[in-house]
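Student: Contents of protein04.pdb (PDB, C-alpha atoms):
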```
ATOM      1  CA  MET A  32     -58.849   4.890 -20.169
ATOM      2  CA  THR A  33     -59.881   4.540 -16.560
ATOM      3  CA  MET A  34     -62.595   2.169 -15.404
ATOM      4  CA  LYS A  35     -65.810   3.903 -14.360
ATOM      5  CA  LYS A  36     -66.771   3.352 -10.752
ATOM      6  CA  PRO A  37     -70.034   1.453 -10.270
ATOM      7  CA  ILE A  38     -72.818   3.568  -8.758
ATOM      8  CA  TRP A  39     -73.090   1.195  -5.783
ATOM      9  CA  HIS A  40     -70.513  -0.411  -3.577
ATOM     10  CA  LEU A  41     -70.480  -4.043  -4.637
ATOM     11  CA  LYS A  42     -70.729  -5.109  -1.010
ATOM     12  CA  ASP A  43     -73.949  -3.120  -0.592
ATOM     13  CA  LEU A  44     -75.429  -4.712  -3.699
ATOM     14  CA  ALA A  45     -74.552  -8.240  -2.528
ATOM     15  CA  PHE A  46     -75.943  -7.473   0.933
ATOM     16  CA  MET A  47     -79.229  -6.219  -0.561
ATOM     17  CA  GLN A  48     -79.591  -9.268  -2.791
ATOM     18  CA  ALA A  49     -78.921 -11.683   0.059
ATOM     19  CA  GLY A  50     -81.181  -9.757   2.450
ATOM     20  CA  VAL A  51     -84.166  -9.601   0.093
ATOM     21  CA  THR A  52     -83.748 -13.269  -0.832
ATOM     22  CA  ALA A  53     -83.596 -14.345   2.813
ATOM     23  CA  LEU A  54     -86.590 -12.182   3.729
ATOM     24  CA  LEU A  55     -88.774 -13.546   0.930
ATOM     25  CA  PHE A  56     -87.621 -17.094   1.596
ATOM     26  CA  LEU A  57     -88.541 -16.742   5.274
ATOM     27  CA  THR A  58     -92.049 -15.557   4.393
ATOM     28  CA  ILE A  59     -92.822 -19.110   3.166
ATOM     29  CA  PRO A  60     -93.293 -20.402   6.743
ATOM     30  CA  ILE A  61     -94.422 -17.036   8.158
ATOM     31  CA  LEU A  62     -97.356 -16.801   5.715
ATOM     32  CA  ASN A  63     -98.822 -19.885   7.401
ATOM     33  CA  LEU A  64     -99.899 -17.523  10.191
ATOM     34  CA  VAL A  65    -102.647 -16.229   7.887
ATOM     35  CA  GLY A  66    -103.391 -19.690   6.472
ATOM     36  CA  PRO A  67    -106.140 -22.113   7.510
ATOM     37  CA  GLY A  68    -106.032 -24.500  10.448
ATOM     38  CA  GLY A  69    -105.289 -24.412  14.152
ATOM     39  CA  ASN A  70    -102.095 -24.898  16.145
ATOM     40  CA  LYS A  71    -100.254 -22.423  13.969
ATOM     41  CA  TRP A  72     -97.352 -21.403  16.205
ATOM     42  CA  PRO A  73     -95.540 -24.762  16.443
ATOM     43  CA  GLY A  74     -95.832 -25.093  12.667
ATOM     44  CA  VAL A  75     -94.635 -21.565  11.920
ATOM     45  CA  LEU A  76     -91.700 -21.869  14.343
ATOM     46  CA  HIS A  77     -90.678 -25.286  12.991
ATOM     47  CA  GLY A  78     -90.925 -23.913   9.445
ATOM     48  CA  LEU A  79     -88.939 -20.804  10.343
ATOM     49  CA  GLY A  80     -86.263 -22.895  12.060
ATOM     50  CA  SER A  81     -85.897 -25.316   9.169
ATOM     51  CA  THR A  82     -85.851 -22.508   6.585
ATOM     52  CA  LEU A  83     -83.034 -20.811   8.502
ATOM     53  CA  THR A  84     -81.116 -24.102   8.745
ATOM     54  CA  LEU A  85     -81.293 -24.329   4.963
ATOM     55  CA  ILE A  86     -79.781 -20.833   4.583
ATOM     56  CA  PHE A  87     -76.933 -21.585   7.013
ATOM     57  CA  GLY A  88     -76.501 -25.101   5.600
ATOM     58  CA  LEU A  89     -76.003 -23.675   2.124
ATOM     59  CA  GLN A  90     -73.475 -21.179   3.499
ATOM     60  CA  ALA A  91     -71.583 -24.069   5.157
ATOM     61  CA  LEU A  92     -71.701 -26.030   1.913
ATOM     62  CA  HIS A  93     -70.059 -23.109   0.078
ATOM     63  CA  GLN A  94     -67.408 -22.738   2.751
ATOM     64  CA  ILE A  95     -66.049 -26.285   2.335
ATOM     65  CA  TYR A  96     -64.414 -25.279  -0.978
ATOM     66  CA  PRO A  97     -61.926 -22.760   0.461
ATOM     67  CA  LEU A  98     -61.278 -25.315   3.214
ATOM     68  CA  LEU A  99     -60.437 -28.041   0.694
ATOM     69  CA  ARG A 100     -58.156 -25.615  -1.167
ATOM     70  CA  GLY A 101     -56.368 -24.925   2.109
ATOM     71  CA  LYS A 102     -57.173 -21.213   2.292
ATOM     72  CA  GLU A 103     -56.009 -19.512   5.477
ATOM     73  CA  GLY A 104     -58.769 -18.861   8.021
ATOM     74  CA  SER A 105     -61.289 -21.043   6.181
ATOM     75  CA  ALA A 106     -61.514 -23.585   9.025
ATOM     76  CA  GLU A 107     -62.458 -20.889  11.551
ATOM     77  CA  LYS A 108     -65.087 -19.395   9.226
ATOM     78  CA  LEU A 109     -66.730 -22.748   8.482
ATOM     79  CA  GLU A 110     -66.684 -23.679  12.168
ATOM     80  CA  ARG A 111     -68.498 -20.445  13.074
ATOM     81  CA  THR A 112     -71.193 -21.107  10.452
ATOM     82  CA  LEU A 113     -71.544 -24.700  11.655
ATOM     83  CA  TRP A 114     -72.121 -23.789  15.316
ATOM     84  CA  MET A 115     -74.859 -21.397  14.226
ATOM     85  CA  LEU A 116     -76.316 -24.078  11.989
ATOM     86  CA  ASN A 117     -76.186 -26.650  14.806
ATOM     87  CA  GLY A 118     -78.025 -24.295  17.175
ATOM     88  CA  LEU A 119     -80.726 -23.705  14.563
ATOM     89  CA  VAL A 120     -81.023 -27.436  13.815
ATOM     90  CA  LEU A 121     -81.515 -28.117  17.532
ATOM     91  CA  LEU A 122     -84.235 -25.426  17.682
ATOM     92  CA  ALA A 123     -85.941 -26.844  14.582
ATOM     93  CA  ILE A 124     -85.874 -30.312  16.176
ATOM     94  CA  ILE A 125     -87.415 -29.010  19.409
ATOM     95  CA  PHE A 126     -90.178 -27.159  17.524
ATOM     96  CA  GLY A 127     -90.633 -30.222  15.323
ATOM     97  CA  ASN A 128     -91.242 -32.388  18.393
ATOM     98  CA  TRP A 129     -93.757 -29.838  19.653
ATOM     99  CA  LEU A 130     -95.515 -29.834  16.281
ATOM    100  CA  TYR A 131     -95.469 -33.649  16.218
ATOM    101  CA  ILE A 132     -97.887 -33.710  19.202
ATOM    102  CA  ALA A 133    -100.574 -31.997  17.128
ATOM    103  CA  TYR A 134     -99.688 -34.118  14.094
ATOM    104  CA  ARG A 135    -100.354 -37.363  16.032
ATOM    105  CA  ALA A 136    -103.351 -36.092  18.001
ATOM    106  CA  PRO A 137    -106.833 -37.581  17.369
ATOM    107  CA  ASP A 138    -108.333 -35.892  14.316
ATOM    108  CA  GLY A 139    -104.866 -34.608  13.457
ATOM    109  CA  LEU A 140    -103.026 -34.633  10.148
ATOM    110  CA  GLN A 141    -101.642 -38.158  10.662
ATOM    111  CA  GLN A 142    -105.144 -39.646  10.808
ATOM    112  CA  TRP A 143    -106.257 -37.605   7.808
ATOM    113  CA  GLU A 144    -103.276 -38.807   5.774
ATOM    114  CA  LEU A 145    -103.680 -42.468   6.718
ATOM    115  CA  PHE A 146    -107.292 -42.270   5.580
ATOM    116  CA  TYR A 147    -106.973 -40.260   2.365
ATOM    117  CA  ASN A 148    -103.313 -40.399   1.289
ATOM    118  CA  PRO A 149    -101.476 -43.059   3.328
ATOM    119  CA  SER A 150     -98.124 -42.884   1.541
ATOM    120  CA  MET A 151     -97.750 -39.309   2.781
ATOM    121  CA  HIS A 152     -97.365 -40.693   6.310
ATOM    122  CA  LEU A 153     -96.035 -44.181   5.518
ATOM    123  CA  VAL A 154     -93.269 -42.983   3.223
ATOM    124  CA  ALA A 155     -92.714 -39.212   3.430
ATOM    125  CA  MET A 156     -93.161 -38.681   7.175
ATOM    126  CA  GLU A 157     -91.650 -41.973   8.341
ATOM    127  CA  PHE A 158     -88.550 -41.143   6.290
ATOM    128  CA  LYS A 159     -88.017 -37.452   6.959
ATOM    129  CA  GLU A 160     -88.658 -37.524  10.716
ATOM    130  CA  PHE A 161     -85.528 -39.691  11.088
ATOM    131  CA  VAL A 162     -83.294 -38.481   8.276
ATOM    132  CA  ALA A 163     -83.654 -34.796   9.248
ATOM    133  CA  LEU A 164     -82.347 -35.644  12.740
ATOM    134  CA  PHE A 165     -79.075 -36.957  11.249
ATOM    135  CA  ALA A 166     -78.105 -33.332  10.537
ATOM    136  CA  LEU A 167     -77.444 -32.581  14.212
ATOM    137  CA  PRO A 168     -74.731 -35.144  15.075
ATOM    138  CA  MET A 169     -73.051 -34.713  11.688
ATOM    139  CA  GLY A 170     -72.953 -30.911  11.994
ATOM    140  CA  VAL A 171     -71.651 -31.073  15.575
ATOM    141  CA  SER A 172     -68.925 -33.568  14.607
ATOM    142  CA  ALA A 173     -67.829 -31.450  11.658
ATOM    143  CA  ALA A 174     -67.550 -28.385  13.920
ATOM    144  CA  PHE A 175     -65.689 -30.441  16.560
ATOM    145  CA  ILE A 176     -63.169 -31.769  14.012
ATOM    146  CA  LEU A 177     -62.589 -28.220  12.711
ATOM    147  CA  ARG A 178     -62.004 -26.946  16.236
ATOM    148  CA  ARG A 179     -59.539 -29.696  17.157
ATOM    149  CA  PHE A 180     -57.627 -29.872  13.862
ATOM    150  CA  ARG A 181     -57.686 -26.248  12.696
ATOM    151  CA  ASP A 182     -53.867 -26.054  12.883
ATOM    152  CA  ALA A 183     -53.289 -29.554  11.509
ATOM    153  CA  MET A 184     -55.445 -29.441   8.367
ATOM    154  CA  HIS A 185     -52.391 -29.536   6.126
ATOM    155  CA  LEU A 186     -50.980 -32.694   7.760
ATOM    156  CA  ASP A 187     -53.661 -35.085   6.498
ATOM    157  CA  HIS A 188     -56.031 -34.366   3.611
ATOM    158  CA  ALA A 189     -58.477 -36.873   5.074
ATOM    159  CA  ILE A 190     -59.299 -34.351   7.852
ATOM    160  CA  SER A 191     -60.761 -31.741   5.502
ATOM    161  CA  GLY A 192     -62.214 -34.648   3.502
ATOM    162  CA  ALA A 193     -64.084 -35.875   6.575
ATOM    163  CA  VAL A 194     -65.425 -32.371   7.252
ATOM    164  CA  ALA A 195     -66.482 -31.970   3.611
ATOM    165  CA  ILE A 196     -68.373 -35.281   3.675
ATOM    166  CA  LEU A 197     -70.056 -34.470   6.983
ATOM    167  CA  VAL A 198     -71.164 -31.004   5.807
ATOM    168  CA  SER A 199     -72.396 -32.371   2.457
ATOM    169  CA  LEU A 200     -74.426 -35.127   4.118
ATOM    170  CA  THR A 201     -75.781 -32.620   6.667
ATOM    171  CA  TRP A 202     -77.010 -30.478   3.782
ATOM    172  CA  PHE A 203     -78.461 -33.551   2.036
ATOM    173  CA  CYS A 204     -80.420 -34.540   5.184
ATOM    174  CA  LEU A 205     -81.638 -30.976   5.814
ATOM    175  CA  LEU A 206     -82.901 -30.784   2.243
ATOM    176  CA  ILE A 207     -84.761 -34.114   2.535
ATOM    177  CA  GLY A 208     -86.419 -32.873   5.731
ATOM    178  CA  PHE A 209     -87.326 -29.551   4.127
ATOM    179  CA  VAL A 210     -88.715 -30.882   0.847
ATOM    180  CA  LEU A 211     -90.757 -33.714   2.386
ATOM    181  CA  GLY A 212     -91.851 -31.420   5.231
ATOM    182  CA  ILE A 213     -93.315 -28.965   2.737
ATOM    183  CA  ALA A 214     -94.937 -31.856   0.845
ATOM    184  CA  ILE A 215     -96.651 -32.998   4.060
ATOM    185  CA  THR A 216     -98.031 -29.523   4.818
ATOM    186  CA  LYS A 217     -99.560 -29.448   1.328
ATOM    187  CA  ASN A 218    -101.807 -32.274   2.484
ATOM    188  CA  ASN A 219    -103.526 -30.133   5.080
ATOM    189  CA  VAL A 220    -106.233 -28.982   2.676
ATOM    190  CA  THR A 221    -109.476 -30.914   2.916
TER     191      THR A 221
ATOM    192  CA  MET B 156     -47.715 -12.183  22.164
ATOM    193  CA  LEU B 157     -46.313 -14.836  24.468
ATOM    194  CA  LEU B 158     -49.766 -16.320  24.962
ATOM    195  CA  ASP B 159     -50.340 -16.433  21.220
ATOM    196  CA  GLU B 160     -47.276 -18.474  20.500
ATOM    197  CA  TYR B 161     -47.109 -20.682  23.536
ATOM    198  CA  GLY B 162     -49.922 -22.646  25.121
ATOM    199  CA  VAL B 163     -50.290 -23.043  28.850
ATOM    200  CA  HIS B 164     -48.016 -26.082  28.781
ATOM    201  CA  GLY B 165     -45.206 -24.179  27.157
ATOM    202  CA  MET B 166     -45.564 -25.875  23.783
ATOM    203  CA  SER B 167     -46.111 -23.992  20.568
ATOM    204  CA  ARG B 168     -49.356 -24.601  18.676
ATOM    205  CA  GLN B 169     -47.636 -26.787  16.105
ATOM    206  CA  ASP B 170     -46.148 -29.030  18.779
ATOM    207  CA  ARG B 171     -49.501 -29.754  20.403
ATOM    208  CA  LYS B 172     -50.344 -32.890  18.484
ATOM    209  CA  VAL B 173     -53.949 -33.935  17.954
ATOM    210  CA  ASN B 174     -54.274 -37.535  16.810
ATOM    211  CA  THR B 175     -56.535 -38.450  13.911
ATOM    212  CA  GLY B 176     -58.135 -41.011  16.244
ATOM    213  CA  GLU B 177     -60.213 -38.128  17.635
ATOM    214  CA  ALA B 178     -61.766 -37.459  14.220
ATOM    215  CA  ALA B 179     -62.364 -41.194  13.764
ATOM    216  CA  ALA B 180     -64.126 -41.350  17.144
ATOM    217  CA  ALA B 181     -66.372 -38.418  16.150
ATOM    218  CA  LEU B 182     -67.291 -40.141  12.858
ATOM    219  CA  GLY B 183     -67.896 -43.505  14.529
ATOM    220  CA  SER B 184     -70.126 -42.075  17.239
ATOM    221  CA  VAL B 185     -72.256 -40.220  14.683
ATOM    222  CA  TRP B 186     -72.827 -43.520  12.897
ATOM    223  CA  LEU B 187     -73.723 -45.222  16.207
ATOM    224  CA  GLY B 188     -76.292 -42.520  16.998
ATOM    225  CA  MET B 189     -77.866 -42.711  13.539
ATOM    226  CA  ALA B 190     -77.918 -46.522  13.741
ATOM    227  CA  GLY B 191     -79.634 -46.273  17.140
ATOM    228  CA  LEU B 192     -82.387 -44.189  15.561
ATOM    229  CA  VAL B 193     -82.790 -46.527  12.595
ATOM    230  CA  PHE B 194     -82.754 -49.807  14.531
ATOM    231  CA  SER B 195     -85.032 -48.600  17.337
ATOM    232  CA  HIS B 196     -87.504 -47.566  14.634
ATOM    233  CA  LEU B 197     -87.215 -50.926  12.847
ATOM    234  CA  TRP B 198     -87.783 -52.627  16.217
ATOM    235  CA  SER B 199     -91.006 -50.662  16.689
ATOM    236  CA  VAL B 200     -92.134 -51.698  13.196
ATOM    237  CA  ILE B 201     -91.356 -55.389  13.743
ATOM    238  CA  ASP B 202     -92.658 -55.720  17.314
ATOM    239  CA  PRO B 203     -94.799 -52.611  17.938
ATOM    240  CA  ILE B 204     -96.583 -53.701  21.112
ATOM    241  CA  ARG B 205     -93.482 -54.436  23.142
ATOM    242  CA  ALA B 206     -91.160 -51.908  21.482
ATOM    243  CA  ASN B 207     -93.502 -48.931  21.727
ATOM    244  CA  MET B 208     -94.161 -49.513  25.448
ATOM    245  CA  LYS B 209     -90.430 -49.650  26.109
ATOM    246  CA  LEU B 210     -89.613 -46.662  23.864
ATOM    247  CA  LEU B 211     -92.381 -44.574  25.423
ATOM    248  CA  LYS B 212     -90.855 -45.208  28.845
ATOM    249  CA  ILE B 213     -87.308 -44.412  27.679
ATOM    250  CA  GLY B 214     -88.532 -41.171  26.072
ATOM    251  CA  SER B 215     -90.570 -39.976  29.029
ATOM    252  CA  TRP B 216     -87.924 -37.447  30.114
ATOM    253  CA  ILE B 217     -88.767 -35.315  27.052
ATOM    254  CA  PRO B 218     -91.468 -32.673  27.680
ATOM    255  CA  GLY B 219     -94.561 -33.649  25.712
ATOM    256  CA  TRP B 220     -93.534 -37.353  25.515
ATOM    257  CA  TRP B 221     -97.193 -38.343  26.019
ATOM    258  CA  GLY B 222     -97.987 -36.710  22.660
ATOM    259  CA  ILE B 223     -94.731 -37.422  20.835
ATOM    260  CA  GLY B 224     -95.076 -41.150  21.503
ATOM    261  CA  SER B 225     -92.436 -43.772  20.734
ATOM    262  CA  TYR B 226     -90.540 -41.200  18.624
ATOM    263  CA  ALA B 227     -89.363 -39.618  21.902
ATOM    264  CA  GLY B 228     -87.820 -42.957  22.895
ATOM    265  CA  LYS B 229     -86.150 -43.422  19.506
ATOM    266  CA  GLN B 230     -84.559 -39.967  19.796
ATOM    267  CA  THR B 231     -83.390 -40.822  23.321
ATOM    268  CA  VAL B 232     -81.750 -44.072  22.155
ATOM    269  CA  ALA B 233     -80.006 -42.166  19.349
ATOM    270  CA  LEU B 234     -78.821 -39.379  21.660
ATOM    271  CA  ALA B 235     -77.507 -41.836  24.271
ATOM    272  CA  LEU B 236     -75.628 -43.923  21.686
ATOM    273  CA  TRP B 237     -74.172 -40.816  20.030
ATOM    274  CA  ILE B 238     -72.968 -39.078  23.203
ATOM    275  CA  GLY B 239     -72.109 -42.257  25.139
ATOM    276  CA  GLY B 240     -70.451 -43.808  22.095
ATOM    277  CA  TRP B 241     -68.488 -40.602  21.506
ATOM    278  CA  ALA B 242     -67.132 -40.640  25.067
ATOM    279  CA  VAL B 243     -66.068 -44.285  24.800
ATOM    280  CA  LEU B 244     -64.587 -44.059  21.288
ATOM    281  CA  HIS B 245     -62.810 -40.807  22.134
ATOM    282  CA  LEU B 246     -61.055 -42.439  25.082
ATOM    283  CA  LEU B 247     -60.217 -45.506  22.977
ATOM    284  CA  PHE B 248     -58.806 -43.681  19.949
ATOM    285  CA  LYS B 249     -57.474 -40.302  21.100
ATOM    286  CA  GLN B 250     -53.911 -41.622  21.564
ATOM    287  CA  GLN B 251     -53.835 -43.299  18.161
ATOM    288  CA  GLU B 252     -53.016 -42.210  14.656
ATOM    289  CA  VAL B 253     -55.528 -43.961  12.402
ATOM    290  CA  ASN B 254     -55.989 -44.252   8.650
ATOM    291  CA  LEU B 255     -58.666 -41.556   8.554
ATOM    292  CA  LYS B 256     -59.313 -41.994   4.837
ATOM    293  CA  ARG B 257     -60.468 -45.542   5.528
ATOM    294  CA  TRP B 258     -62.760 -44.293   8.330
ATOM    295  CA  VAL B 259     -64.315 -41.701   6.010
ATOM    296  CA  TYR B 260     -65.076 -44.344   3.366
ATOM    297  CA  ALA B 261     -66.459 -46.721   5.998
ATOM    298  CA  PHE B 262     -68.661 -43.897   7.302
ATOM    299  CA  LEU B 263     -69.970 -43.235   3.784
ATOM    300  CA  ILE B 264     -70.836 -46.905   3.260
ATOM    301  CA  GLY B 265     -72.419 -47.092   6.725
ATOM    302  CA  PHE B 266     -74.479 -43.982   5.977
ATOM    303  CA  ALA B 267     -75.713 -45.465   2.700
ATOM    304  CA  VAL B 268     -76.712 -48.702   4.463
ATOM    305  CA  LEU B 269     -78.689 -46.772   7.101
ATOM    306  CA  MET B 270     -80.438 -44.711   4.413
ATOM    307  CA  LEU B 271     -81.557 -47.925   2.707
ATOM    308  CA  LEU B 272     -82.738 -49.467   5.994
ATOM    309  CA  ILE B 273     -84.776 -46.364   6.937
ATOM    310  CA  TRP B 274     -86.318 -45.958   3.446
ATOM    311  CA  PRO B 275     -89.953 -46.928   4.224
ATOM    312  CA  PRO B 276     -90.786 -48.824   0.984
ATOM    313  CA  ILE B 277     -87.998 -51.286   1.852
ATOM    314  CA  TYR B 278     -88.766 -51.999   5.515
ATOM    315  CA  HIS B 279     -92.540 -51.911   4.980
ATOM    316  CA  ASN B 280     -92.149 -54.461   2.199
ATOM    317  CA  LEU B 281     -90.159 -56.684   4.548
ATOM    318  CA  PHE B 282     -92.198 -56.243   7.737
ATOM    319  CA  GLY B 283     -95.668 -55.226   6.594
ATOM    320  CA  TRP B 284     -97.439 -51.957   5.879
ATOM    321  CA  ASN B 285     -98.702 -51.175   9.374
ATOM    322  CA  PRO B 286     -98.096 -47.476   9.986
ATOM    323  CA  ALA B 287     -95.586 -46.546  12.680
ATOM    324  CA  LEU B 288     -97.703 -44.197  14.765
TER     325      LEU B 288
END
```
Can you present the structure in this file as structure tokens?

Tutor:
Amino acid sequence: MTMKKPIWHLKDLAFMQAGVTALLFLTIPILNLVGPGGNKWPGVLHGLGSTLTLIFGLQALHQIYPLLRGKEGSAEKLERTLWMLNGLVLLAIIFGNWLYIAYRAPDGLQQWELFYNPSMHLVAMEFKEFVALFALPMGVSAAFILRRFRDAMHLDHAISGAVAILVSLTWFCLLIGFVLGIAITKNNVT
Amino acid sequence: MLLDEYGVHGMSRQDRKVNTGEAAAALGSVWLGMAGLVFSHLWSVIDPIRANMKLLKIGSWIPGWWGIGSYAGKQTVALALWIGGWAVLHLLFKQQEVNLKRWVYAFLIGFAVLMLLIWPPIYHNLFGWNPAL
């Protein structure tokens, strides 16, 4: 008995699933364009940047497993993902700084929070604004180590271990920034 | 073919040794940068009047610094310690083989310590609940 061929190429199916997921995920920040409030562009761009960093961060997180198993070519693949991630993290930081001006401005969200819901600024914002930044140096270092040691991975298991820890902590920091960032935007409803 | 197997110095790729000190320097400088961010923030919580003036000045190269406030200075301190520290540590350690496993564990502990220090309920309990603006 021969196996029946599936009606789609599996690659096409996987591509469709990933594409639709990414598109719908990215509409979370984009939909803010039709939401209430002023100063929308810095917020939408910061949201778009951080959503994309989450997608690439997750991809990097997956790619540390073939690296730890010593699969050929895995160092190059992870390094490529990481440089893209680092570029996106830098963009998200720049847009975040731009958005921060409106956040701190008189009559801005910071004042509203301190008056009605102080822990949102005192705990959530004062934590995530620093922790999310940690993702940049850790991602750059991981990519640097992969570039320098790509032919020497097998000599010392601590090299891929260091990369794995850096990528995991990068993901952890990105997620903290993302989750608390979304929590803070939920406050903007008076 | 020749270029693939031999680098410009006539050594094969396997011969071109990279010391684990380079990875240690990268890890150490990341910790220095993160510590710069954490401690400059704690400084602005403990002594806001003096710290924020200083941090605002340090951060004034960033476009929009007038609106970003002392946060621009904290980012500048972190960036300078990360990049400057990386240059120094790289030169110090690039010739050495180090026990990288020990560096990775030290980095993990250092990261955990920084996360505790930057967790607002802890430092606000120690230094008061004035908001860092």

Student: Name all residues at most 8 Å from Leu92 of chain A (count all atoms listed in the file; drop same-chain ones fewer than 2 positions away) and give them as a list of chain:residue names.

Tutor: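 Contacts, in chain order: A:Gly88, A:Leu89, A:Gln90, A:Gln94, A:Ile95, A:Tyr96, A:Val198, A:Ser199, A:Trp202.
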
Student: Pick the closest to Gly283 of chain B from A:Leu153, A:Ala136, A:Leu164, A:Leu130: which is it, counting all atoms listed in the file?

Tutor: A:Leu153

Student: Evaluating the ChimeraX specification (/A :<9) & /B on the displayed file yields which residues, as an MDAnalysis selection string?

Tutor: chainID B and resid 168:169 172:175 177:178 181:182 184:186 188:189 192:193 196 218:224 226:227 230 234 237 254:259 263 270 273:276 279 284:288

Student: Record the distance separating atom CA of Leu236 of chain B and atom CA of Ala195 of chain A, expressed in Å with one decimal.

Tutor: 23.5 Å

Student: So how far away is atom CA of Asn148 of chain A from atom CA of Phe282 of chain B, in Å?

Tutor: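 Computed distance, atom CA of Phe282 of chain B to atom CA of Asn148 of chain A, equals 20.4 Å.
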
Student: Quick one: of A:Met115, A:Leu140, A:Cys204, A:Val120, who's nearest to Gly78 of chain A, counting all atoms listed in the file?

Tutor: A:Val120

Student: Do a neighbour search on His77 of chain A at 7 Å with only C-alpha atoms, toss out local chain neighbours closer than 3 positions, and write the hits as a list in words.

Tutor: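 With the cut-off at 7 Å, the set is Pro73, Gly74, Gly80, Ser81, Ala123, Phe126 and Gly127 of chain A.
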
Student: Those same residues, written as a CSV table (one decimal), in the coordinates of the input with C-alpha atoms?

Tutor:
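Result file selection-v2.csv:
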```csv
chain,number,residue,atom,x,y,z
A,73,PRO,CA,-95.5,-24.8,16.4
A,74,GLY,CA,-95.8,-25.1,12.7
A,80,GLY,CA,-86.3,-22.9,12.1
A,81,SER,CA,-85.9,-25.3,9.2
A,123,ALA,CA,-85.9,-26.8,14.6
A,126,PHE,CA,-90.2,-27.2,17.5
A,127,GLY,CA,-90.6,-30.2,15.3
```

Student: If we draw a sphere of 7 Å around (-82.9, -45.7, 26.3), which residues have at least one atom in it when counting all atoms listed in the file? Please report them as a list in words.

Tutor: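 Residues with an atom at most 7 Å from (-82.9, -45.7, 26.3): Ile213, Gly228, Thr231, Val232 and Ala235 of chain B.
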
Student: Do you have the atom CA of Pro60 of chain A-atom CA of Ile213 of chain A distance handy?

Tutor: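 One can read the atom CA of Pro60 of chain A to atom CA of Ile213 of chain A distance as 9.5 Å.
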
Student: Env of segment 208-212 of chain A: 6 Å cut, atoms = only C-alpha atoms, seq-sep filter 2 positions within chain, self excluded. Answer as a list in words.

Tutor: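 Near neighbours after the sequence-gap exclusion: Ala155, Lys159, Ala163, Leu205, Leu206, Ala214 and Ile215 of chain A.
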
Student: Which neighbours of Ala206 of chain B fall inside 10 Å, counting all atoms listed in the file, when residues of the same chain fewer than 5 positions from it are skipped, and could you give them as a ChimeraX atom specification?

Tutor: /B:195-201,211-212,225,228

Student: The centre and edge lengths of an axis-aligned box containing all atoms of segment 53-71 of chain A present in the file, extended by 4 Å on each side, are to be given in Å to one decimal, as AutoDock Vina command-line options.

Tutor:
```
--center_x -94.9 --center_y -18.5 --center_z 8.5 --size_x 30.5 --size_y 20.7 --size_z 23.2
```

Student: Between A:Gly118, A:Gly104, A:Pro97, A:Pro37, single out the one closest to Thr84 of chain A, counting all atoms listed in the file.

Tutor: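 Among A:Gly118, A:Gly104, A:Pro97, A:Pro37, it is A:Gly118 that comes nearest to Thr84 of chain A.
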
Student: Show me as a count of residues only the residues that reach within 12 Å of (-97.9, -18.2, 4.1), counting only C-alpha atoms and using the file's own coordinates.

Tutor: 21

Student: Determine the nearest neighbour of Leu186 of chain A from the options B:Glu252, B:Asn207, B:Ala233, B:Ala261, counting only C-alpha atoms.

Tutor: B:Glu252
